[in-house]
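Enquirer: Starting off with a structure, shown below.
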Amino acid sequence: MKTELNGLPEEIVLHVAKVLGVQVGALRATVGLLDEGGTVPFVARYRKEATGGLDEVKIREIAEQVEYFRDLLARRAVVLKSVEEQGKLTAELRAKIEGVMDKGELEDLYLPYKPKRRTKATIAREKGLEPLADYLWGQVRGEKTLMELAAGFVTAEVGSVGEALEGARHIVAERVAETAEVRKALREWLFADGVIVSRRTVDGVDAQEKFKMYYEFREAVKTIPSHRMLAIRRGETEGVLYFLIENDAARAGGIVRRLVLKGEGDWTAQLEMAIEDAWGRLLSASIQGELRVELKKRSDLEAIQVFQDNLKNLLLAAPAGPISVLGLDPGLRTGCKVAVVDETGKFLAQEVIYPHTGQVAKAGQVMARLVREHHVRAIAIGNGTASRETDGFVRDFLQEQGLSEVFKVMVSEAGASVYSASDVARQEFPDLDLTVRGAISIARRLQDPLSELVKVDPKAIGVGQYQHDVDQRQLQQTLEATIESCVNKVGVDLNTSSWTLLRYVAGITERTALNIVQFRDEHGRFGSRAQLKKVPGIGAKTFEQAAGFLRIRGGSQPLDATAVHPESYAVVEAMAAKAGVKMAAMIAAPELLDKVDKRELGAGSFTVNDILEELKKPGRDPRDKFVAPSFAEGVHEIGDVQVGMVLEGVVTNVTKFGAFVDVGVHQDGLVHISELSNRFIKDPNEAVKAGQIVKVKVLSADVKTKRIALSMKALMGGERVKVAVVARGMEEGVAALAGRWKGR
């Protein structure tokens, strides 16, 4: 008897284990933990003994596969019931349906039994021509020839032998089009040999020529990258382009003939015509439609992966830390909005200064007062309109005031305006203007990018690739999972974090996060993790999932400030006992851990190793150390950029064709993938990540088109590729990220 795993038959369990490359035992344990309500971060971090140390990526893949196959099983049951009720479920068909592992192939098997609208084949059946079609389909010689047989079907409704044969062909054509093996073979052929062809529409308007490279474009289906497929689809949506999947009808017919024709006979010519009709009238558009959907899914997955990688790198960007910051939201005529926050992010003061309208001295006086009164350590400048002018003002101000201990940083303000107008911002600062809220967000982003960016819809952060064209539900789920992963990797301070950050802690919902903040407001600081159990909505399961990711610094239990889970405190106590010291002393002197014999602790090796690793650097932030980028003096506008210059900048976005870098001139420059490294790379993420500070050499700068081509490879001693390759990369960049150039 076949065993099952929470509703999944053994053959599916083995299939998933093979596809994902995991041990069956680890797969079973992982699915069991997830079905019991375990969150991915918790299972990955604190249940390694059961999962065999599977990481978050693999556990999420398992969850996705299990969901897919549970959906498949549910659909199988519906299909089997439907076919059985029609009295057409043979043992052979049941075996095929129960053995299928792909949703598309399941639908192919069900296609002949689906309720249909009235078709040519339906009409032919109504005229009694199915037996004649059976003769053609069966390809077995009978007592009568085809013509003799067809003559017997001539009636008042069927006026001639030719009409009878035509009706039979319609039935056969439908059978051909509904044969699962035929559809599968055609799909595989079209994917392998098909060519995407896009052209400009007659009346298409493309004022900015965003889609110029696709006016006459060809690329193989199997190799076309995500950004080009999405660009073509967007061009089609905007009425500028149309595209088709070019194919060879003769090749298609040959594939079908090999699967349908069994031998020569008087039926052959009729079957040939039926096959041609099946491809031209029924299969071609259907298979192309399926392939278009598949291409869309593939492109969406790649684009979402790009977005996910960029978002992860931004969220895990190095924090400046708990220092007081003055945030500046730059403006020209409307002035620069100023907001000061203390080391915890608490809002302290606001002002508006006008350094760009002749009030430089007065603006400097206001800045000096704020810096002095609030012990400001850093000035964060939003990178929007007038950012370079504001940066110059701040630079001069710091020099004049002799404030060498205060540093300035340009901060991305992508999504700040979305946050400023959000319900979250209104809850935090109901009495403040939107622009002041924006300045506060800019200041906090410098202190801790993760804590501030979780308040913004990730799609508004500006690191995606055709983000509005991809499956929005899938995108949202992926980005939410990315945020959850980052938040739990870093850990959350239970006494200072906002509910917007707490809601991403494993096991904690938005309502529970609000309850935690309310409890903290009413009862003061949490003194221990155990106190969390008193919060309404936090039961044993929620506490188990969340506790290890929450930090309490200066509490009654030293381990509450670490990533050690409360369920493992006894293991740490045993370590201290083995070392002959108190637990606090062991945490303060991690070298004592070297004396501990892991085998005597009564815990699994994964658990013990994680505890030892954590205690050597208790509460350590896994993010990189903060380093402020330094833009070149005298380079403020694109006109200042000259070929051959070496500039420092910040990677703002990584795509499949290269990386965009902010060098401080309001327009990001593109480092094409061919210019990222002096070694071959398939993916730009192998060389750079969003938020990374890099040095680049200017290859070209066009003031008119606002395009800058940059190279990192040129600074590594590698030979630069031909300009034509870079030019095409620029063209792709503009097409794929239209609107990315920031005309500030």
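Residue numbering restarts at 1 in every chain; chains get A, B, ... in the order shown in the structure tokens, and ligands count up from 1 in that same order.
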Would you please extract all alpha helix (DSSP H) residues from region 509-548 of chain A, as assigned by DSSP on the backbone, and give them as a list in words?
Expert: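 Matching residues for alpha helix (DSSP H) in region 509-548 of chain A are Glu510, Arg511, Thr512, Ala513, Leu514, Asn515, Ile516, Val517, Gln518, Phe519, Arg520, Asp521, Glu522, His523, Ala540, Lys541, Thr542, Phe543, Glu544, Gln545 and Ala546 of chain A.
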Enquirer: What does the file look like for those residues with C-alpha atoms, as a PDB file, in the first residue's frame?
Expert:
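Result written to result-v8.pdb:
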ATOM      1  CA  GLU A 510      -0.410  42.939  11.774  1.00  0.00           C
ATOM      2  CA  ARG A 511      -3.012  42.781  14.573  1.00  0.00           C
ATOM      3  CA  THR A 512      -0.534  41.071  16.912  1.00  0.00           C
ATOM      4  CA  ALA A 513       2.126  43.678  16.054  1.00  0.00           C
ATOM      5  CA  LEU A 514      -0.285  46.468  16.975  1.00  0.00           C
ATOM      6  CA  ASN A 515      -1.093  44.649  20.226  1.00  0.00           C
ATOM      7  CA  ILE A 516       2.624  44.462  21.067  1.00  0.00           C
ATOM      8  CA  VAL A 517       3.082  48.199  20.576  1.00  0.00           C
ATOM      9  CA  GLN A 518      -0.061  48.962  22.588  1.00  0.00           C
ATOM     10  CA  PHE A 519       1.111  46.669  25.411  1.00  0.00           C
ATOM     11  CA  ARG A 520       4.525  48.371  25.360  1.00  0.00           C
ATOM     12  CA  ASP A 521       2.925  51.809  25.521  1.00  0.00           C
ATOM     13  CA  GLU A 522       0.758  50.792  28.479  1.00  0.00           C
ATOM     14  CA  HIS A 523       3.267  48.741  30.486  1.00  0.00           C
ATOM     15  CA  ALA A 540       2.339  29.231  22.649  1.00  0.00           C
ATOM     16  CA  LYS A 541       2.592  28.725  18.878  1.00  0.00           C
ATOM     17  CA  THR A 542       3.116  32.417  18.075  1.00  0.00           C
ATOM     18  CA  PHE A 543       5.704  32.721  20.843  1.00  0.00           C
ATOM     19  CA  GLU A 544       7.552  29.670  19.530  1.00  0.00           C
ATOM     20  CA  GLN A 545       7.697  31.106  16.005  1.00  0.00           C
ATOM     21  CA  ALA A 546       8.613  34.683  16.941  1.00  0.00           C
TER      22      ALA A 546
END
Enquirer: Excluding Ala339 (chain A) and its own-chain neighbours fewer than 5 positions away, which residues fall within 7 Å of it when counting only C-alpha atoms? Please give them as a ChimeraX atom specification.
Expert: /A:326-328,349-351,436,439-440
Enquirer: Let me see the file: selected residues, N, CA and C atoms, as a PDB file, in the first residue's frame.
Expert:
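Saved to result.pdb:
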ATOM      1  N   LEU A 326      19.974  64.615  10.629  1.00  0.00           N
ATOM      2  CA  LEU A 326      19.177  65.685  10.050  1.00  0.00           C
ATOM      3  C   LEU A 326      18.833  65.285   8.622  1.00  0.00           C
ATOM      4  N   GLY A 327      17.544  65.163   8.328  1.00  0.00           N
ATOM      5  CA  GLY A 327      17.099  64.776   6.999  1.00  0.00           C
ATOM      6  C   GLY A 327      16.703  65.986   6.186  1.00  0.00           C
ATOM      7  N   LEU A 328      17.132  66.014   4.930  1.00  0.00           N
ATOM      8  CA  LEU A 328      16.830  67.126   4.028  1.00  0.00           C
ATOM      9  C   LEU A 328      16.084  66.606   2.797  1.00  0.00           C
ATOM     10  N   ALA A 349      12.560  67.922  15.498  1.00  0.00           N
ATOM     11  CA  ALA A 349      12.370  69.308  15.043  1.00  0.00           C
ATOM     12  C   ALA A 349      12.205  69.355  13.535  1.00  0.00           C
ATOM     13  N   GLN A 350      11.603  70.454  13.055  1.00  0.00           N
ATOM     14  CA  GLN A 350      11.435  70.660  11.626  1.00  0.00           C
ATOM     15  C   GLN A 350      11.657  72.129  11.277  1.00  0.00           C
ATOM     16  N   GLU A 351      12.101  72.348  10.054  1.00  0.00           N
ATOM     17  CA  GLU A 351      12.297  73.710   9.538  1.00  0.00           C
ATOM     18  C   GLU A 351      12.179  73.654   8.012  1.00  0.00           C
ATOM     19  N   VAL A 436       7.347  67.120   5.299  1.00  0.00           N
ATOM     20  CA  VAL A 436       8.122  66.925   6.530  1.00  0.00           C
ATOM     21  C   VAL A 436       8.224  65.428   6.837  1.00  0.00           C
ATOM     22  N   ALA A 439      10.977  64.092   4.825  1.00  0.00           N
ATOM     23  CA  ALA A 439      12.311  64.399   5.362  1.00  0.00           C
ATOM     24  C   ALA A 439      12.647  63.475   6.534  1.00  0.00           C
ATOM     25  N   ILE A 440      11.639  63.170   7.351  1.00  0.00           N
ATOM     26  CA  ILE A 440      11.849  62.239   8.473  1.00  0.00           C
ATOM     27  C   ILE A 440      12.222  60.861   7.933  1.00  0.00           C
TER      28      ILE A 440
END
Enquirer: Rank A:Val66, A:Gly37, A:Leu186, A:Glu567 by their smallest atom-to-atom distance to Val13 (chain A), using only C-alpha atoms, and report the top residue only.
Expert: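 Of A:Val66, A:Gly37, A:Leu186, A:Glu567, the one nearest Val13 (chain A), counting only C-alpha atoms, is A:Val66.
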Enquirer: What lies within 9 Å of Thr357 (chain A) using only C-alpha atoms, ignoring chain neighbours under 4 positions off, as a list in words?
Expert: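 Non-adjacent residues within range: Leu332, Arg333 and Gly335 of chain A.
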Enquirer: With C-alpha atoms retained, could you export that selection as a CSV table (one decimal), in the first residue's frame?
Expert:
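Once written, result.csv looks like this:
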chain,number,residue,atom,x,y,z
A,332,LEU,CA,14.3,74.9,-5.3
A,333,ARG,CA,11.7,77.5,-5.1
A,335,GLY,CA,12.7,75.3,-0.2
Enquirer: Residues near region 584-596 of chain A, anyone? I mean within 7 Å using only C-alpha atoms, not counting same-chain ones fewer than 3 positions away, as a ChimeraX atom specification.
Expert: /A:558,575-576,578-579,581,615-616
Enquirer: Take the selection from the previous step and output its residues with N, CA and C atoms, as a PDB file, in the first residue's frame.
Expert:
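Saved result, again05.pdb, follows:
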ATOM      1  N   PRO A 558      20.294  37.622  29.638  1.00  0.00           N
ATOM      2  CA  PRO A 558      21.261  38.033  28.603  1.00  0.00           C
ATOM      3  C   PRO A 558      20.998  37.396  27.242  1.00  0.00           C
ATOM      4  N   MET A 575      26.166  24.460  28.793  1.00  0.00           N
ATOM      5  CA  MET A 575      27.488  24.884  28.327  1.00  0.00           C
ATOM      6  C   MET A 575      28.240  25.612  29.438  1.00  0.00           C
ATOM      7  N   ALA A 576      27.529  26.550  30.094  1.00  0.00           N
ATOM      8  CA  ALA A 576      28.160  27.318  31.172  1.00  0.00           C
ATOM      9  C   ALA A 576      28.597  26.398  32.308  1.00  0.00           C
ATOM     10  N   LYS A 578      29.379  23.224  32.083  1.00  0.00           N
ATOM     11  CA  LYS A 578      30.539  22.448  31.640  1.00  0.00           C
ATOM     12  C   LYS A 578      31.821  23.282  31.698  1.00  0.00           C
ATOM     13  N   ALA A 579      31.651  24.616  31.410  1.00  0.00           N
ATOM     14  CA  ALA A 579      32.819  25.500  31.430  1.00  0.00           C
ATOM     15  C   ALA A 579      33.147  25.967  32.842  1.00  0.00           C
ATOM     16  N   VAL A 581      31.433  28.214  34.700  1.00  0.00           N
ATOM     17  CA  VAL A 581      31.183  29.642  34.928  1.00  0.00           C
ATOM     18  C   VAL A 581      29.684  29.915  34.840  1.00  0.00           C
ATOM     19  N   LEU A 615      26.887  32.855  20.161  1.00  0.00           N
ATOM     20  CA  LEU A 615      27.478  33.327  21.422  1.00  0.00           C
ATOM     21  C   LEU A 615      28.866  33.935  21.226  1.00  0.00           C
ATOM     22  N   LYS A 616      29.520  33.563  20.133  1.00  0.00           N
ATOM     23  CA  LYS A 616      30.822  34.181  19.859  1.00  0.00           C
ATOM     24  C   LYS A 616      30.668  35.639  19.440  1.00  0.00           C
TER      25      LYS A 616
END
Enquirer: Give the strand (DSSP E or B) residues of region 293-483 of chain A, as DSSP finds them on the backbone, and put them as a ChimeraX atom specification.
Expert: /A:325-329,336-341,347-353,378-382,407-411
Enquirer: Need the shell around region 626-630 of chain A: protein/DNA/RNA residues with any atom at most 8 Å away, counting only C-alpha atoms. Skip same-chain ones fewer than 4 positions apart. Format as a short mmCIF file (atom, residue, chain, number, x, y, z; two decimals) with all heavy atoms, in the first residue's frame?
Expert:
data_model
loop_
_atom_site.label_atom_id
_atom_site.label_comp_id
_atom_site.auth_asym_id
_atom_site.auth_seq_id
_atom_site.Cartn_x
_atom_site.Cartn_y
_atom_site.Cartn_z
N ALA A 318 23.78 48.46 4.61
CA ALA A 318 24.42 48.79 5.89
C ALA A 318 23.75 49.98 6.56
O ALA A 318 23.54 51.02 5.92
CB ALA A 318 25.89 49.09 5.67
N PRO A 319 23.37 49.86 7.83
CA PRO A 319 22.77 50.99 8.54
C PRO A 319 23.83 51.90 9.15
O PRO A 319 24.89 51.42 9.58
CB PRO A 319 21.97 50.29 9.65
CG PRO A 319 22.77 49.05 9.95
CD PRO A 319 23.40 48.62 8.63
N ALA A 320 23.56 53.19 9.18
CA ALA A 320 24.49 54.10 9.85
C ALA A 320 24.44 53.90 11.36
O ALA A 320 25.38 54.23 12.08
CB ALA A 320 24.16 55.54 9.50
N LYS A 408 27.88 63.86 5.56
CA LYS A 408 26.67 63.98 4.75
C LYS A 408 26.58 62.79 3.81
O LYS A 408 27.60 62.26 3.35
CB LYS A 408 26.68 65.27 3.94
CG LYS A 408 27.79 65.39 2.91
CD LYS A 408 27.68 66.67 2.11
CE LYS A 408 28.85 66.78 1.12
NZ LYS A 408 28.81 65.78 0.08
N VAL A 409 25.37 62.37 3.51
CA VAL A 409 25.14 61.21 2.64
C VAL A 409 23.92 61.49 1.76
O VAL A 409 22.91 61.99 2.24
CB VAL A 409 24.88 59.93 3.45
CG1 VAL A 409 24.68 58.74 2.52
CG2 VAL A 409 26.01 59.65 4.41
N MET A 410 24.03 61.15 0.48
CA MET A 410 22.88 61.20 -0.41
C MET A 410 22.09 59.91 -0.22
O MET A 410 22.65 58.82 -0.30
CB MET A 410 23.33 61.33 -1.86
CG MET A 410 22.26 61.80 -2.81
SD MET A 410 22.02 63.59 -2.76
CE MET A 410 23.43 64.14 -3.74
N GLU A 648 32.83 57.74 -8.48
CA GLU A 648 32.28 56.82 -7.49
C GLU A 648 30.77 56.98 -7.48
O GLU A 648 30.26 58.09 -7.62
CB GLU A 648 32.85 57.12 -6.10
CG GLU A 648 32.41 56.11 -5.04
CD GLU A 648 33.18 56.26 -3.73
OE1 GLU A 648 34.33 55.79 -3.68
OE2 GLU A 648 32.64 56.86 -2.79
N GLY A 649 30.06 55.89 -7.36
CA GLY A 649 28.61 55.96 -7.36
C GLY A 649 27.98 54.81 -6.59
O GLY A 649 28.68 53.95 -6.06
N VAL A 650 26.65 54.84 -6.57
CA VAL A 650 25.89 53.82 -5.85
C VAL A 650 25.02 53.06 -6.85
O VAL A 650 24.30 53.67 -7.64
CB VAL A 650 24.99 54.45 -4.76
CG1 VAL A 650 24.22 53.37 -4.02
CG2 VAL A 650 25.82 55.27 -3.80
N ILE A 693 28.50 50.47 -3.30
CA ILE A 693 29.30 51.60 -3.76
C ILE A 693 30.37 51.07 -4.72
O ILE A 693 31.09 50.12 -4.39
CB ILE A 693 29.97 52.32 -2.57
CG1 ILE A 693 28.89 52.88 -1.63
CG2 ILE A 693 30.88 53.44 -3.05
CD1 ILE A 693 29.44 53.43 -0.32
#
Enquirer: For a quick check of understanding, using only C-alpha atoms, which of A:Lys689, A:Lys534, A:Arg551, A:Lys96 has the smallest distance to Pro566 (chain A)?
Expert: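 So, comparing all the options, the nearest one is A:Arg551.
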Enquirer: Excluding Ser404 (chain A) and residues on its chain fewer than 5 positions from it, collect all residues at most 12 Å away from it, counting only C-alpha atoms, and give them as a ChimeraX atom specification.
Expert: /A:376-378,395-399
Enquirer: Would you save the residues from that selection as a short mmCIF file (atom, residue, chain, number, x, y, z; two decimals), in the first residue's frame, using all heavy atoms?
Expert:
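Written output follows (part-v2.cif):
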data_model
loop_
_atom_site.label_atom_id
_atom_site.label_comp_id
_atom_site.auth_asym_id
_atom_site.auth_seq_id
_atom_site.Cartn_x
_atom_site.Cartn_y
_atom_site.Cartn_z
N VAL A 376 23.57 66.61 16.12
CA VAL A 376 23.46 65.88 14.85
C VAL A 376 24.82 65.31 14.45
O VAL A 376 25.84 66.01 14.48
CB VAL A 376 22.92 66.83 13.75
CG1 VAL A 376 23.06 66.19 12.37
CG2 VAL A 376 21.47 67.19 14.04
N ARG A 377 24.81 64.05 14.06
CA ARG A 377 26.03 63.36 13.64
C ARG A 377 26.11 63.19 12.13
O ARG A 377 27.19 62.97 11.58
CB ARG A 377 26.10 61.98 14.30
CG ARG A 377 26.29 62.03 15.81
CD ARG A 377 27.76 62.07 16.18
NE ARG A 377 28.52 61.06 15.50
CZ ARG A 377 28.56 59.77 15.84
NH1 ARG A 377 27.84 59.34 16.86
NH2 ARG A 377 29.31 58.91 15.16
N ALA A 378 24.95 63.22 11.46
CA ALA A 378 24.93 62.99 10.02
C ALA A 378 23.81 63.78 9.37
O ALA A 378 22.78 64.06 10.00
CB ALA A 378 24.76 61.50 9.72
N ARG A 395 27.81 70.76 1.82
CA ARG A 395 29.27 70.62 1.84
C ARG A 395 29.92 71.93 2.27
O ARG A 395 30.80 71.94 3.15
CB ARG A 395 29.75 70.22 0.44
CG ARG A 395 31.26 70.04 0.34
CD ARG A 395 31.71 69.85 -1.10
NE ARG A 395 31.42 71.04 -1.90
CZ ARG A 395 30.61 71.04 -2.94
NH1 ARG A 395 29.99 69.94 -3.32
NH2 ARG A 395 30.40 72.16 -3.62
N ASP A 396 29.48 73.03 1.67
CA ASP A 396 30.05 74.34 2.03
C ASP A 396 29.73 74.70 3.48
O ASP A 396 30.59 75.24 4.20
CB ASP A 396 29.50 75.42 1.10
CG ASP A 396 29.95 75.22 -0.35
OD1 ASP A 396 30.95 74.49 -0.56
OD2 ASP A 396 29.31 75.78 -1.26
N PHE A 397 28.51 74.37 3.90
CA PHE A 397 28.09 74.66 5.28
C PHE A 397 28.98 73.93 6.28
O PHE A 397 29.46 74.52 7.27
CB PHE A 397 26.62 74.26 5.46
CG PHE A 397 26.21 74.07 6.89
CD1 PHE A 397 26.01 75.16 7.74
CD2 PHE A 397 26.02 72.79 7.41
CE1 PHE A 397 25.64 74.97 9.06
CE2 PHE A 397 25.65 72.59 8.72
CZ PHE A 397 25.46 73.68 9.56
N LEU A 398 29.24 72.66 6.07
CA LEU A 398 30.05 71.88 7.00
C LEU A 398 31.49 72.41 7.05
O LEU A 398 32.11 72.44 8.12
CB LEU A 398 30.04 70.40 6.59
CG LEU A 398 28.70 69.66 6.72
CD1 LEU A 398 28.80 68.25 6.17
CD2 LEU A 398 28.24 69.63 8.18
N GLN A 399 32.00 72.81 5.88
CA GLN A 399 33.35 73.36 5.84
C GLN A 399 33.43 74.69 6.59
O GLN A 399 34.35 74.93 7.38
CB GLN A 399 33.80 73.54 4.39
CG GLN A 399 34.08 72.24 3.66
CD GLN A 399 34.44 72.45 2.20
OE1 GLN A 399 34.28 73.55 1.66
NE2 GLN A 399 34.94 71.40 1.55
#
Enquirer: How close does each residue of region 57-176 of chain A get to region 286-295 of chain A, giving the shortest atom pair and distance in Å to one decimal for every residue with an atom at most 12 Å away, counting only C-alpha atoms, sorted by chain and residue number, as a Markdown table?
Expert:
| residue | atom | partner | partner_atom | distance |
| --- | --- | --- | --- | --- |
| A:Gly104 | CA | A:Glu290 | CA | 9.3 |
| A:Glu105 | CA | A:Glu290 | CA | 11.9 |
| A:Glu107 | CA | A:Glu290 | CA | 11.8 |
| A:Asp108 | CA | A:Ile287 | CA | 11.3 |
Enquirer: Could you take the residues named above and write them with C-alpha atoms, as a JSON list (two decimals), in the first residue's frame?
Expert:
[["chain", "number", "residue", "atom", "x", "y", "z"],
["A", 104, "GLY", "CA", -1.07, 21.51, -18.53],
["A", 105, "GLU", "CA", -0.85, 17.85, -19.51],
["A", 107, "GLU", "CA", -5.90, 19.63, -19.08],
["A", 108, "ASP", "CA", -4.78, 18.10, -22.39]]
Enquirer: Residues near region 700-712 of chain A, anyone? I mean within 8 Å using only C-alpha atoms, not counting same-chain ones fewer than 2 positions away, as an NGL selection string.
Expert: :A and (638-639 or 641-643 or 667-672 or 675-677 or 694-698 or 714-716 or 726 or 730 or 741)
